file upload.cif (mmCIF, C-alpha atoms and all ligand atoms)
data_start
#
loop_
_atom_site.label_atom_id
_atom_site.label_comp_id
_atom_site.auth_asym_id
_atom_site.auth_seq_id
_atom_site.Cartn_x
_atom_site.Cartn_y
_atom_site.Cartn_z
CA MET A 154 -9.76 23.25 -9.03
CA ALA A 155 -11.39 20.10 -7.78
CA ASP A 156 -15.06 20.04 -8.64
CA SER A 157 -17.43 22.16 -6.59
CA ASN A 158 -18.10 19.17 -4.32
CA ASN A 159 -14.41 19.08 -3.27
CA THR A 160 -14.19 15.61 -4.78
CA ILE A 161 -11.46 13.87 -6.78
CA THR A 162 -12.06 10.57 -8.57
CA LEU A 163 -9.70 7.72 -7.70
CA TYR A 164 -9.49 4.45 -9.63
CA ASP A 165 -8.95 1.73 -7.03
CA LEU A 166 -7.34 -1.70 -7.32
CA GLN A 167 -9.33 -4.06 -5.14
CA LEU A 168 -9.63 -7.60 -3.89
CA GLU A 169 -12.93 -9.46 -3.93
CA SER A 170 -13.76 -8.07 -0.45
CA GLY A 171 -13.59 -4.54 -1.87
CA CYS A 172 -10.43 -3.86 0.09
CA THR A 173 -7.63 -1.98 -1.72
CA ILE A 174 -4.59 -4.16 -2.42
CA SER A 175 -2.15 -1.88 -4.24
CA PRO A 176 0.33 -0.02 -2.00
CA TYR A 177 0.39 2.71 -4.63
CA VAL A 178 -3.35 3.18 -4.45
CA TRP A 179 -3.22 3.11 -0.65
CA ARG A 180 -0.74 5.99 -0.49
CA THR A 181 -2.82 7.96 -2.98
CA LYS A 182 -5.95 7.48 -0.87
CA TYR A 183 -4.06 8.89 2.12
CA ALA A 184 -2.61 11.73 0.03
CA LEU A 185 -6.07 12.80 -1.13
CA LYS A 186 -7.37 12.77 2.44
CA HIS A 187 -4.31 14.68 3.65
CA LYS A 188 -5.18 17.34 1.07
CA ASP A 189 -8.70 17.31 2.51
CA PHE A 190 -10.47 16.00 -0.58
CA ASP A 191 -13.43 13.67 -0.71
CA ILE A 192 -12.81 10.61 -2.84
CA ASP A 193 -15.11 9.34 -5.53
CA LEU A 194 -13.85 5.76 -5.71
CA VAL A 195 -14.12 3.73 -8.90
CA GLY A 196 -13.79 0.12 -7.83
CA GLY A 197 -12.45 -2.86 -9.72
CA GLY A 198 -9.79 -5.53 -9.85
CA PHE A 199 -6.73 -6.35 -11.93
CA THR A 200 -8.35 -7.09 -15.25
CA GLY A 201 -9.79 -4.39 -17.46
CA ILE A 202 -7.82 -1.46 -15.98
CA MET A 203 -7.13 0.02 -19.41
CA ALA A 204 -10.79 -0.12 -20.40
CA ARG A 205 -11.89 1.22 -17.02
CA THR A 206 -9.61 4.25 -17.38
CA ASN A 207 -10.69 4.92 -20.98
CA GLY A 208 -7.28 3.89 -22.35
CA PHE A 209 -5.35 6.20 -20.00
CA SER A 210 -3.37 3.60 -18.02
CA ASP A 211 -2.84 -0.12 -17.47
CA ARG A 212 -1.61 0.61 -13.93
CA LEU A 213 -3.31 2.11 -10.90
CA PRO A 214 -3.73 4.51 -9.17
CA VAL A 215 -5.22 7.04 -11.56
CA ILE A 216 -7.00 10.19 -10.42
CA VAL A 217 -9.29 12.53 -12.29
CA ASP A 218 -9.35 16.05 -10.94
CA ASN A 219 -12.11 18.05 -12.56
CA GLY A 220 -11.47 16.40 -15.93
CA HIS A 221 -7.65 16.29 -15.57
CA TRP A 222 -6.25 12.73 -15.50
CA VAL A 223 -3.05 11.91 -13.57
CA LYS A 224 -1.34 8.53 -13.07
CA ASP A 225 1.47 7.21 -10.85
CA SER A 226 1.24 7.64 -7.07
CA TRP A 227 4.41 9.73 -6.85
CA ASP A 228 3.38 12.04 -9.68
CA ILE A 229 -0.10 12.33 -8.19
CA ALA A 230 1.38 13.47 -4.85
CA LEU A 231 3.59 16.03 -6.63
CA TYR A 232 0.60 17.19 -8.67
CA LEU A 233 -1.57 17.65 -5.58
CA ASP A 234 1.06 19.78 -3.83
CA GLU A 235 1.72 21.84 -6.94
CA LYS A 236 -1.93 22.39 -7.74
CA TYR A 237 -3.12 22.89 -4.16
CA PRO A 238 -0.29 24.58 -2.22
CA GLU A 239 -2.81 26.28 0.05
CA ARG A 240 -3.83 22.88 1.45
CA PRO A 241 -1.61 20.82 3.84
CA MET A 242 1.58 19.90 1.98
CA LEU A 243 2.52 16.26 1.36
CA PHE A 244 6.20 17.08 0.87
CA GLU A 245 8.40 19.63 2.56
CA GLY A 246 11.35 20.28 0.30
CA GLY A 247 13.61 18.23 -1.94
CA ALA A 248 15.49 16.49 0.88
CA MET A 249 12.26 14.96 2.11
CA LYS A 250 11.52 13.60 -1.36
CA ASN A 251 14.89 11.85 -1.46
CA LEU A 252 14.51 10.39 2.02
CA THR A 253 10.99 9.22 1.26
CA ARG A 254 12.28 7.42 -1.84
CA PHE A 255 14.96 5.76 0.25
CA ILE A 256 12.57 4.60 3.00
CA GLU A 257 10.15 3.32 0.39
CA GLN A 258 12.82 1.38 -1.52
CA TRP A 259 14.28 -0.03 1.67
CA LEU A 260 10.88 -1.22 2.91
CA TRP A 261 10.06 -2.79 -0.46
CA ARG A 262 13.26 -4.78 -0.36
CA THR A 263 13.12 -5.62 3.35
CA ALA A 264 9.42 -6.30 3.86
CA ILE A 265 7.26 -6.53 0.75
CA GLY A 266 9.85 -8.65 -1.07
CA PRO A 267 9.80 -11.52 1.44
CA TRP A 268 6.14 -11.06 2.40
CA PHE A 269 5.10 -11.19 -1.25
CA ARG A 270 6.64 -14.66 -1.41
CA CYS A 271 4.83 -15.69 1.78
CA TYR A 272 1.39 -14.36 0.85
CA ILE A 273 1.21 -14.81 -2.91
CA VAL A 274 -1.30 -17.68 -2.68
CA ASP A 275 -3.56 -15.60 -0.40
CA TYR A 276 -3.11 -12.67 -2.80
CA HIS A 277 -4.35 -14.91 -5.60
CA ASP A 278 -7.20 -16.47 -3.61
CA LEU A 279 -8.44 -13.10 -2.30
CA SER A 280 -8.55 -11.54 -5.78
CA PHE A 281 -11.81 -11.31 -7.69
CA PRO A 282 -12.59 -14.71 -9.27
CA GLN A 283 -12.25 -13.19 -12.76
CA ASP A 284 -8.76 -11.86 -11.87
CA ARG A 285 -7.25 -15.05 -10.48
CA GLU A 286 -5.96 -16.56 -13.69
CA TYR A 287 -4.33 -13.25 -14.67
CA VAL A 288 -2.91 -12.72 -11.17
CA ARG A 289 -1.37 -16.18 -11.25
CA TRP A 290 0.30 -16.01 -14.63
CA SER A 291 1.40 -12.37 -14.38
CA ARG A 292 2.94 -12.79 -10.91
CA GLU A 293 4.60 -16.07 -11.87
CA ALA A 294 5.96 -14.60 -15.09
CA TRP A 295 6.89 -11.11 -13.91
CA PHE A 296 8.06 -11.56 -10.33
CA LEU A 297 8.67 -15.24 -9.66
CA GLN A 298 10.80 -16.34 -12.61
CA GLY A 299 8.12 -18.77 -13.73
CA GLN A 300 7.82 -20.60 -10.40
CA LYS A 301 4.36 -21.67 -9.28
CA ILE A 302 2.87 -19.48 -6.57
CA GLU A 303 2.22 -22.57 -4.39
CA ASP A 304 5.89 -23.57 -4.59
CA VAL A 305 7.03 -20.05 -3.71
CA SER A 306 4.77 -19.80 -0.69
CA ALA A 307 5.58 -23.29 0.68
CA GLY A 308 7.43 -23.21 4.02
CA ARG A 309 6.37 -19.66 4.78
CA ASP A 310 6.11 -20.16 8.55
CA GLU A 311 9.89 -20.32 8.85
CA ARG A 312 10.43 -17.44 6.43
CA LEU A 313 7.91 -15.17 8.20
CA GLN A 314 10.14 -15.42 11.27
CA LEU A 315 13.03 -13.83 9.41
CA VAL A 316 11.42 -10.48 8.56
CA PRO A 317 10.66 -8.69 11.88
CA SER A 318 14.30 -8.39 12.98
CA GLN A 319 15.15 -6.83 9.59
CA LEU A 320 12.87 -3.90 10.43
CA GLU A 321 15.08 -2.78 13.32
CA PRO A 322 16.50 0.30 11.51
CA PHE A 323 12.94 1.46 10.90
CA ARG A 324 12.07 0.95 14.57
CA ALA A 325 15.12 2.96 15.59
CA MET A 326 14.02 5.79 13.33
CA MET A 327 10.48 5.82 14.75
CA LYS A 328 11.53 5.43 18.38
CA ASP A 329 11.41 9.08 19.39
CA GLN A 330 8.98 10.53 16.90
CA LYS A 331 5.29 10.33 16.39
CA TRP A 332 5.34 10.33 12.60
CA LEU A 333 8.01 10.33 9.92
CA GLY A 334 6.63 13.79 9.16
CA GLY A 335 7.25 14.88 12.79
CA ASP A 336 4.19 15.95 14.79
CA ALA A 337 1.86 15.17 11.88
CA PRO A 338 1.98 12.57 9.10
CA ASN A 339 3.05 13.44 5.58
CA PHE A 340 3.77 11.54 2.36
CA ALA A 341 6.76 9.76 3.92
CA ASP A 342 4.35 8.18 6.43
CA TYR A 343 1.85 7.27 3.71
CA ALA A 344 4.54 5.71 1.50
CA ALA A 345 5.82 3.66 4.45
CA LEU A 346 2.34 2.80 5.76
CA SER A 347 1.32 1.60 2.32
CA ILE A 348 3.73 -1.32 2.69
CA PHE A 349 1.88 -2.46 5.83
CA LEU A 350 -1.52 -1.70 4.29
CA TRP A 351 -0.67 -3.91 1.31
CA THR A 352 0.43 -6.62 3.70
CA ALA A 353 -2.73 -6.39 5.81
CA SER A 354 -4.80 -6.76 2.65
CA VAL A 355 -3.28 -10.18 1.87
CA ALA A 356 -1.79 -11.52 5.13
CA ALA A 357 -4.03 -14.44 6.03
CA VAL A 358 -1.62 -15.22 8.90
CA PRO A 359 0.19 -12.57 10.98
CA CYS A 360 3.67 -11.35 10.12
CA LEU A 361 4.61 -9.16 13.10
CA HIS A 362 4.86 -9.87 16.81
CA ASP A 363 2.17 -8.55 19.14
CA ASP A 364 4.64 -6.38 21.03
CA ASP A 365 6.37 -4.91 17.99
CA PRO A 366 7.27 -1.27 18.79
CA LEU A 367 6.16 -0.34 15.26
CA ARG A 368 2.64 -1.39 16.18
CA ASP A 369 1.72 2.00 17.65
CA TRP A 370 2.67 3.91 14.48
CA ILE A 371 1.01 1.30 12.23
CA GLU A 372 -2.26 1.28 14.21
CA ARG A 373 -2.36 5.09 14.36
CA GLY A 374 -1.70 5.19 10.64
CA PHE A 375 -4.52 2.75 9.86
CA ASP A 376 -6.83 4.85 12.07
CA LEU A 377 -6.12 8.13 10.24
CA TYR A 378 -8.92 9.88 8.37
CA GLY A 379 -11.75 8.05 10.07
CA GLY A 380 -10.07 4.63 9.90
CA LEU A 381 -9.08 4.78 6.24
CA GLY A 382 -6.98 1.63 6.67
CA ARG A 383 -9.65 -0.33 8.52
CA HIS A 384 -11.58 -1.99 5.71
CA PRO A 385 -13.28 -5.20 6.95
CA GLY A 386 -11.31 -7.16 4.35
CA MET A 387 -8.02 -6.28 6.06
CA HIS A 388 -6.19 -8.90 8.13
CA ASN A 389 -4.50 -8.60 11.49
CA LEU A 390 -0.76 -8.07 11.05
CA PHE A 391 0.05 -8.86 14.67
CA GLY A 392 0.22 -12.23 16.40
CA LEU A 393 3.19 -13.90 14.75
CA PRO A 394 4.34 -16.45 17.33
CA LYS A 395 7.82 -15.83 18.72
CA LEU A 396 10.37 -18.49 17.87
CA GLY A 397 9.90 -21.40 20.24
CA GLU A 398 6.23 -20.54 20.95
CA ALA A 399 3.48 -22.75 19.58
CA ALA A 400 1.59 -21.22 16.66
N1 LIG B 501 4.83 3.61 -10.24
C1 LIG B 501 3.41 3.36 -10.21
C2 LIG B 501 3.18 1.87 -10.07
C3 LIG B 501 1.72 1.49 -10.23
C4 LIG B 501 1.55 -0.03 -10.26
O1 LIG B 501 2.47 -0.78 -10.66
N2 LIG B 501 0.37 -0.48 -9.86
C5 LIG B 501 0.11 -1.90 -9.89
C6 LIG B 501 -0.53 -2.36 -8.60
S1 LIG B 501 0.59 -2.35 -7.24
C7 LIG B 501 -0.92 -2.22 -10.97
O2 LIG B 501 -1.72 -1.37 -11.34
N3 LIG B 501 -0.91 -3.45 -11.46
C8 LIG B 501 -1.82 -3.88 -12.45
C9 LIG B 501 -1.46 -5.24 -12.94
O3 LIG B 501 -0.66 -5.92 -12.31
O4 LIG B 501 -2.00 -5.63 -13.95
C10 LIG B 501 2.78 4.16 -9.08
O5 LIG B 501 3.51 4.61 -8.17
O6 LIG B 501 1.57 4.40 -9.11
#

call {"tool": "encode", "arguments": {"input": "upload.cif", "output": "structure tokens"}}
result
Amino acid sequence: MADSNNTITLYDLQLESGCTISPYVWRTKYALKHKDFDIDLVGGGFTGIMARTNGFSDRLPVIVDNGHWVKDSWDIALYLDEKYPERPMLFEGGAMKNLTRFIEQWLWRTAIGPWFRCYIVDYHDLSFPQDREYVRWSREAWFLQGQKIEDVSAGRDERLQLVPSQLEPFRAMMKDQKWLGGDAPNFADYAALSIFLWTASVAAVPCLHDDDPLRDWIERGFDLYGGLGRHPGMHNLFGLPKLGEAA
């Protein structure tokens, strides 16, 4: 049982603006709202996660449900459905879990991969001042094969142009449906939306065209649960100039 206030604690991973950065935390925020819980948010940045979670995890999200600690966004979603089957379900059956994994992996490779390399300097600059040194060395060492973040992000205007057309299979899938979950969103939507929420948290310049057909689903997703995705620290994803147009 969640506590008598219907509240679950969520450890957030934030930028200096207070906006969530982690796609994993984003999807967990949506999952908790989908299950109709209130969220008691514990804020903070990249450094000190282990201390903040009393030694439970060096990665976020982490939730605490009436004294029970759970980590990993996927495991948290499974836990919420298992523990609270009387509330709206995040998953409907095993096939949906597999398809959600596929969509998530495909979007990571197609979108976050290249956008990470375009926005990594913004990511660094938007972090809490005390996190910036850690963000720099960890991202350079873990994800960028030792390259400097400034070198990786150089020339991004040309590279940003390459991503939108790669999203065409996703557009085709969304063409005739309101949500990945059908008439209502479910964890597949939250996992996919979390890629765009991450991007909006760091994208100091737009990455999608104004008239992108995905815009409707993205905007509706950001508006869910009283505008959960509309933190003032978020950036506008739309407005990437079309090739041949002046920036
Ligand atoms: N598989 C985990 C991944 C969690 C994860 O890697 N979180 C990242 C943020 S996106 C983190 O906490 N990073 C801390 C760090 O980089 O020090 C999940 O789904 O929750």

call {"tool": "atom_distance", "arguments": {"input": "upload.cif", "atom1": "CA of Ile229 (chain A)", "atom2": "CA of Met249 (chain A)"}}
result
16.3 Å

call {"tool": "residues_near_ligand", "arguments": {"input": "upload.cif", "ligand": "ligand LIG 501 (chain B)", "cutoff": "6 Å", "atoms": "all atoms listed in the file", "output": "PyMOL selection string"}}
result
chain A and resi 175-177+199+212-214+225-227

call {"tool": "closest_residue", "arguments": {"input": "upload.cif", "among": "A:Leu166, A:Ala184, A:Ile348, A:Val355", "to": "Ile256 (chain A)", "atoms": "only C-alpha atoms"}}
result
A:Ile348

call {"tool": "closest_atom_pairs", "arguments": {"input": "upload.cif", "of": "region 304-337 of chain A", "to": "region 267-275 of chain A", "cutoff": "12 Å", "atoms": "all atoms listed in the file", "output": "CSV"}}
result
residue,atom,partner,partner_atom,distance
A:Asp304,CA,A:Val274,CA,9.5
A:Val305,CA,A:Arg270,CA,5.9
A:Ser306,CA,A:Cys271,CA,4.8
A:Ala307,CA,A:Cys271,CA,7.7
A:Gly308,CA,A:Cys271,CA,8.3
A:Arg309,CA,A:Cys271,CA,5.2
A:Asp310,CA,A:Cys271,CA,8.2
A:Glu311,CA,A:Cys271,CA,9.9
A:Arg312,CA,A:Cys271,CA,7.5
A:Leu313,CA,A:Cys271,CA,7.1
A:Gln314,CA,A:Pro267,CA,10.6
A:Leu315,CA,A:Pro267,CA,8.9
A:Val316,CA,A:Pro267,CA,7.4
A:Pro317,CA,A:Trp268,CA,10.8
A:Gln319,CA,A:Pro267,CA,10.8

call {"tool": "residues_around", "arguments": {"input": "upload.cif", "residues": "Asp365 (chain A)", "least_positions_apart": "4", "cutoff": "9 Å", "atoms": "all atoms listed in the file", "output": "PyMOL selection string"}}
result
chain A and resi 317+324+361+369+391

call {"tool": "build_atoms", "arguments": {"input": "upload.cif", "residues": "region 210-233 of chain A", "atoms": "N, CA and C atoms", "output": "compact mmCIF listing (two decimals), keeping the file's coordinate frame"}}
result
# COMPACT_ATOMS: atom_id res chain seq x y z
N SER A 210 -4.45 4.30 -18.73
CA SER A 210 -3.37 3.60 -18.02
C SER A 210 -3.69 2.13 -17.83
N ASP A 211 -2.64 1.29 -17.83
CA ASP A 211 -2.84 -0.12 -17.47
C ASP A 211 -2.37 -0.37 -16.04
N ARG A 212 -2.04 0.70 -15.33
CA ARG A 212 -1.61 0.61 -13.93
C ARG A 212 -2.43 1.57 -13.09
N LEU A 213 -2.59 1.23 -11.83
CA LEU A 213 -3.31 2.11 -10.90
C LEU A 213 -2.39 2.45 -9.74
N PRO A 214 -2.59 3.62 -9.14
CA PRO A 214 -3.73 4.51 -9.17
C PRO A 214 -3.75 5.46 -10.36
N VAL A 215 -4.96 5.93 -10.65
CA VAL A 215 -5.22 7.04 -11.56
C VAL A 215 -6.21 7.94 -10.84
N ILE A 216 -5.98 9.26 -10.94
CA ILE A 216 -7.00 10.19 -10.42
C ILE A 216 -7.53 11.05 -11.56
N VAL A 217 -8.73 11.54 -11.37
CA VAL A 217 -9.29 12.53 -12.29
C VAL A 217 -9.74 13.71 -11.45
N ASP A 218 -9.10 14.84 -11.70
CA ASP A 218 -9.35 16.05 -10.94
C ASP A 218 -10.04 17.05 -11.86
N ASN A 219 -11.33 17.13 -11.72
CA ASN A 219 -12.11 18.05 -12.56
C ASN A 219 -11.77 17.91 -14.04
N GLY A 220 -11.73 16.67 -14.51
CA GLY A 220 -11.47 16.40 -15.93
C GLY A 220 -10.00 16.17 -16.26
N HIS A 221 -9.08 16.46 -15.32
CA HIS A 221 -7.65 16.29 -15.57
C HIS A 221 -7.19 14.94 -15.02
N TRP A 222 -6.64 14.08 -15.90
CA TRP A 222 -6.25 12.73 -15.50
C TRP A 222 -4.77 12.70 -15.12
N VAL A 223 -4.45 12.05 -14.01
CA VAL A 223 -3.05 11.91 -13.57
C VAL A 223 -2.83 10.47 -13.13
N LYS A 224 -1.68 9.88 -13.51
CA LYS A 224 -1.34 8.53 -13.07
C LYS A 224 -0.02 8.53 -12.31
N ASP A 225 0.26 7.44 -11.63
CA ASP A 225 1.47 7.21 -10.85
C ASP A 225 1.38 7.91 -9.49
N SER A 226 1.47 7.10 -8.42
CA SER A 226 1.24 7.64 -7.07
C SER A 226 2.19 8.77 -6.72
N TRP A 227 3.43 8.68 -7.16
CA TRP A 227 4.41 9.73 -6.85
C TRP A 227 4.04 11.01 -7.59
N ASP A 228 3.75 10.86 -8.88
CA ASP A 228 3.38 12.04 -9.68
C ASP A 228 2.07 12.65 -9.19
N ILE A 229 1.17 11.80 -8.71
CA ILE A 229 -0.10 12.33 -8.19
C ILE A 229 0.18 13.18 -6.94
N ALA A 230 1.06 12.69 -6.06
CA ALA A 230 1.38 13.47 -4.85
C ALA A 230 2.02 14.80 -5.23
N LEU A 231 2.95 14.78 -6.18
CA LEU A 231 3.59 16.03 -6.63
C LEU A 231 2.54 16.98 -7.23
N TYR A 232 1.66 16.40 -8.04
CA TYR A 232 0.60 17.19 -8.67
C TYR A 232 -0.28 17.86 -7.61
N LEU A 233 -0.66 17.10 -6.60
CA LEU A 233 -1.57 17.65 -5.58
C LEU A 233 -0.92 18.81 -4.83
